[in-house]
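Enquirer: Attaching a single structure in structure tokens format; questions to follow.
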Amino acid sequence: MGEFIKKTVTALKPGEDRAILLGLGMILCSMMMYFVLGITVLRSCADSVWTVEGTCAVINSTVTGDMNCSYSCGSNCWRVSRFPCLQVYVSVNNTGRIGRLSHNEETQDASSECVYIPRCQKDSAAMRVAIVNISQHLKTNRHISCFYDPSEQQDTVLLTRLYDHSAAFHTLLWPSCTLTVGALIIVMVNLTQYLSRLCEEIKR
């Protein structure tokens, strides 16, 4: 009977070794994900100054002109298209503070004038329709939710935020799950090995 248990424990070792390697690989992968996401998304969340949500009243909505953009037409091929630049100014929380409205942080970084930058494409008419729809929506709904910088270092007001606490949570969720599962695999393998040795000692 003792010889049978010994053979069983020996047969388990290759599988246990692979399980431990899997667990260590998952932990290493999660650490790399933490590092990459930490210097991208989490840093952007920390640098975002538009932390206070309020209500903005649309003061002025004007198409100032056309802007150029580039779209891909194949390998190493780029062509130029155009879309109308919609410029919107709002008043924050009826305080008299006036700021230029921008769709989100990426739009703010990409353009100092336009409220929204559509995905560039060959069909400029489709981009124009998207901008016109936004303009009509803002004319119909004069009061909108917005995000602003309470320190007033940024005059721009955002319609939506890409980098907030929810984004940080979802960014850390998968690396945390991977780390937890990897650690559990290693713990379960060590527990199995301990119970196998304990069982073998009892049978002796």
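Letters for chains follow the order of the structure tokens (A, B, ...), residue numbers begin at 1 for each chain, and ligand numbers begin at 1 in the order shown.
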List every residue of range 71-181 of chain A that has an atom at most 10 Å from any atom of range 36-40 of chain A, giving for each one its closest atom pair and the distance in Å to one decimal, counting only C-alpha atoms, sorted by chain and then by ascending residue number, as a Markdown table.

Expert:
```
| residue | atom | partner | partner_atom | distance |
| --- | --- | --- | --- | --- |
| A:Ala168 | CA | A:Leu37 | CA | 9.3 |
| A:Thr171 | CA | A:Leu37 | CA | 7.1 |
| A:Leu172 | CA | A:Leu37 | CA | 8.0 |
| A:Pro175 | CA | A:Leu37 | CA | 9.4 |
```

Enquirer: Which polymer residues have any atom within 8 Å of an atom of Asp66 in chain A, counting only C-alpha atoms, with same-chain residues fewer than 5 positions away left out, as an NGL selection string?

Expert: :A and (82-85)

Enquirer: Just to be explicit: take each residue in the selection above, keep all heavy atoms, and write the result as a tab-separated table (two decimals), in the first residue's frame.

Expert:
```
chain	number	residue	atom	x	y	z
A	82	ARG	N	-11.28	66.40	-44.77
A	82	ARG	CA	-11.61	67.61	-44.01
A	82	ARG	C	-12.91	67.42	-43.24
A	82	ARG	O	-13.82	66.71	-43.68
A	82	ARG	CB	-11.74	68.82	-44.95
A	82	ARG	CG	-10.46	69.18	-45.67
A	82	ARG	CD	-10.67	70.33	-46.65
A	82	ARG	NE	-10.92	71.60	-45.97
A	82	ARG	CZ	-9.95	72.38	-45.50
A	82	ARG	NH1	-8.68	72.03	-45.64
A	82	ARG	NH2	-10.24	73.53	-44.91
A	83	PHE	N	-12.96	68.06	-42.06
A	83	PHE	CA	-14.19	68.04	-41.26
A	83	PHE	C	-14.38	69.43	-40.65
A	83	PHE	O	-13.43	70.17	-40.41
A	83	PHE	CB	-14.10	66.98	-40.15
A	83	PHE	CG	-13.06	67.27	-39.11
A	83	PHE	CD1	-13.37	67.99	-37.96
A	83	PHE	CD2	-11.76	66.81	-39.27
A	83	PHE	CE1	-12.41	68.25	-36.99
A	83	PHE	CE2	-10.79	67.08	-38.32
A	83	PHE	CZ	-11.12	67.79	-37.17
A	84	PRO	N	-15.64	69.82	-40.39
A	84	PRO	CA	-15.89	71.14	-39.81
A	84	PRO	C	-15.49	71.17	-38.33
A	84	PRO	O	-15.71	70.20	-37.59
A	84	PRO	CB	-17.41	71.32	-39.97
A	84	PRO	CG	-17.94	69.93	-40.07
A	84	PRO	CD	-16.89	69.10	-40.73
A	85	CYS	N	-14.92	72.29	-37.92
A	85	CYS	CA	-14.51	72.47	-36.53
A	85	CYS	C	-15.61	73.20	-35.77
A	85	CYS	O	-15.88	74.37	-36.02
A	85	CYS	CB	-13.19	73.24	-36.47
A	85	CYS	SG	-12.63	73.58	-34.79
```

Enquirer: For range 103-115 of chain A, work out the shell of residues within 7 Å, counting only C-alpha atoms and skipping chain neighbours fewer than 3 positions away, then give it as a CSV table (one decimal) with N, CA and C atoms, in the first residue's frame.

Expert:
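Result file result-v4.csv:
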```
chain,number,residue,atom,x,y,z
A,85,CYS,N,-14.9,72.3,-37.9
A,85,CYS,CA,-14.5,72.5,-36.5
A,85,CYS,C,-15.6,73.2,-35.8
A,86,LEU,N,-16.2,72.5,-34.8
A,86,LEU,CA,-17.3,73.1,-34.0
A,86,LEU,C,-16.7,73.6,-32.7
A,87,GLN,N,-16.8,74.9,-32.5
A,87,GLN,CA,-16.3,75.5,-31.3
A,87,GLN,C,-17.4,75.8,-30.3
A,88,VAL,N,-17.3,75.4,-29.1
A,88,VAL,CA,-18.4,75.6,-28.1
A,88,VAL,C,-17.8,76.2,-26.9
A,158,LEU,N,-14.5,69.6,-20.0
A,158,LEU,CA,-14.7,68.3,-20.7
A,158,LEU,C,-16.2,67.9,-20.6
A,159,LEU,N,-16.6,67.3,-21.7
A,159,LEU,CA,-18.0,66.7,-21.7
A,159,LEU,C,-18.0,65.3,-21.1
A,160,THR,N,-16.9,64.6,-21.3
A,160,THR,CA,-16.8,63.2,-20.7
A,160,THR,C,-15.3,63.1,-20.3
A,161,ARG,N,-15.1,62.1,-19.4
A,161,ARG,CA,-13.7,61.8,-18.9
A,161,ARG,C,-13.3,60.4,-19.4
A,162,LEU,N,-12.1,60.3,-19.9
A,162,LEU,CA,-11.6,59.0,-20.2
A,162,LEU,C,-10.9,58.4,-19.0
```

Enquirer: Where in range 54-123 of chain A does DSSP assign strand (DSSP E or B), given as a VMD selection string?

Expert: chain A and resid 54 to 74 77 to 92 97 to 102

Enquirer: What's the 9 Å shell around Ile20 in chain A, counting only C-alpha atoms, without same-chain residues fewer than 2 positions away, as a PyMOL selection string?

Expert: chain A and resi 15-18+22-25+182+185-187+189-190

Enquirer: Taking into account only C-alpha atoms, which residue in the set A:His137, A:Cys77, A:Ile202, A:Ile27 is nearest to Ala183 in chain A?

Expert: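 Selected residue with least distance to Ala183 in chain A: A:Ile27.
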
Enquirer: Check the smallest atom-to-atom distance from each of A:Val157, A:Met33, A:Leu138, A:Cys177 to Ser102 in chain A using only C-alpha atoms, then report the winner.

Expert: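 Among the listed residues, the smallest separation from Ser102 in chain A belongs to A:Val157.
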
Enquirer: Please give the complete set of residues from range 35-137 of chain A that DSSP, run on the backbone, assigns to alpha helix (DSSP H), formatted as an MDAnalysis selection string.

Expert: chainID A and resid 35:38 41:47 105:110 124:137

Enquirer: Within 8 Å of Ser91 in chain A, counting only C-alpha atoms, which residues qualify if same-chain residues fewer than 4 places away don't, as a ChimeraX atom specification?

Expert: /A:56-59,95-99

Enquirer: Would you save the residues of that selection, restricted to all heavy atoms, as a CSV table (one decimal), in the first residue's frame?

Expert:
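The resulting file, result-v6.csv, is shown below:
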```csv
chain,number,residue,atom,x,y,z
A,56,CYS,N,-23.1,72.6,-17.0
A,56,CYS,CA,-22.7,73.7,-17.9
A,56,CYS,C,-23.8,74.2,-18.8
A,56,CYS,O,-24.6,73.4,-19.3
A,56,CYS,CB,-21.5,73.3,-18.8
A,56,CYS,SG,-20.0,73.0,-17.9
A,57,ALA,N,-23.8,75.5,-19.0
A,57,ALA,CA,-24.8,76.1,-19.9
A,57,ALA,C,-24.1,76.5,-21.2
A,57,ALA,O,-23.1,77.2,-21.1
A,57,ALA,CB,-25.5,77.3,-19.2
A,58,VAL,N,-24.6,76.1,-22.3
A,58,VAL,CA,-24.0,76.4,-23.6
A,58,VAL,C,-24.3,77.9,-23.9
A,58,VAL,O,-25.4,78.3,-23.9
A,58,VAL,CB,-24.6,75.5,-24.7
A,58,VAL,CG1,-24.0,75.9,-26.0
A,58,VAL,CG2,-24.3,74.0,-24.4
A,59,ILE,N,-23.2,78.6,-24.1
A,59,ILE,CA,-23.3,80.0,-24.4
A,59,ILE,C,-23.2,80.3,-25.9
A,59,ILE,O,-24.0,81.0,-26.5
A,59,ILE,CB,-22.2,80.8,-23.7
A,59,ILE,CG1,-22.3,80.7,-22.2
A,59,ILE,CG2,-22.2,82.3,-24.1
A,59,ILE,CD1,-21.1,81.4,-21.5
A,95,THR,N,-21.6,80.2,-12.5
A,95,THR,CA,-20.7,81.1,-11.7
A,95,THR,C,-20.1,82.2,-12.5
A,95,THR,O,-19.4,83.0,-12.0
A,95,THR,CB,-19.5,80.2,-11.2
A,95,THR,OG1,-18.8,79.6,-12.3
A,95,THR,CG2,-20.1,79.1,-10.3
A,96,GLY,N,-20.4,82.2,-13.8
A,96,GLY,CA,-19.8,83.3,-14.6
A,96,GLY,C,-18.5,82.8,-15.2
A,96,GLY,O,-17.9,83.5,-16.1
A,97,ARG,N,-17.9,81.7,-14.8
A,97,ARG,CA,-16.7,81.2,-15.4
A,97,ARG,C,-17.0,80.6,-16.7
A,97,ARG,O,-17.8,79.7,-16.9
A,97,ARG,CB,-16.1,80.1,-14.4
A,97,ARG,CG,-14.8,79.5,-15.0
A,97,ARG,CD,-14.3,78.4,-14.0
A,97,ARG,NE,-13.3,77.6,-14.6
A,97,ARG,CZ,-12.7,76.5,-14.1
A,97,ARG,NH1,-13.2,76.2,-12.9
A,97,ARG,NH2,-11.8,75.9,-14.7
A,98,ILE,N,-16.3,81.0,-17.7
A,98,ILE,CA,-16.5,80.6,-19.1
A,98,ILE,C,-15.4,79.8,-19.6
A,98,ILE,O,-14.2,80.2,-19.4
A,98,ILE,CB,-16.8,81.8,-20.1
A,98,ILE,CG1,-18.1,82.6,-19.6
A,98,ILE,CG2,-16.9,81.4,-21.5
A,98,ILE,CD1,-18.3,83.8,-20.4
A,99,GLY,N,-15.6,78.7,-20.2
A,99,GLY,CA,-14.6,77.8,-20.8
A,99,GLY,C,-15.0,77.2,-22.1
A,99,GLY,O,-16.1,77.1,-22.4
```

Enquirer: Residues within 10 Å of Val80 in chain A, please, as a compact mmCIF listing (two decimals) with C-alpha atoms, in the first residue's frame. Count only C-alpha atoms; anything in the same chain fewer than 3 positions from it doesn't count.

Expert:
```txt
# COMPACT_ATOMS: atom_id res chain seq x y z
CA ASN A 68 -7.55 68.74 -42.14
CA CYS A 69 -7.10 65.15 -41.05
CA SER A 70 -5.30 62.12 -42.48
CA TYR A 71 -6.69 58.64 -43.11
CA SER A 72 -4.99 55.46 -44.22
CA CYS A 73 -5.55 54.26 -47.78
CA CYS A 120 -10.88 60.58 -40.12
CA GLN A 121 -12.28 58.93 -43.24
CA LYS A 122 -12.57 59.44 -46.98
CA SER A 124 -16.02 63.94 -45.45
```

Enquirer: Find, counting only C-alpha atoms, the residue in A:Met26, A:Val41, A:Gly54, A:Met188 that gets nearest to Pro150 in chain A.

Expert: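 For Pro150 in chain A, the nearest of the given residues is A:Gly54.
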
Enquirer: Hey, which of A:Asn93, A:Ser48, A:Ser81, A:Thr180 ends up closest to Cys29 in chain A? Count only C-alpha atoms.

Expert: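 Of A:Asn93, A:Ser48, A:Ser81, A:Thr180, the one nearest Cys29 in chain A is A:Thr180, counting only C-alpha atoms.
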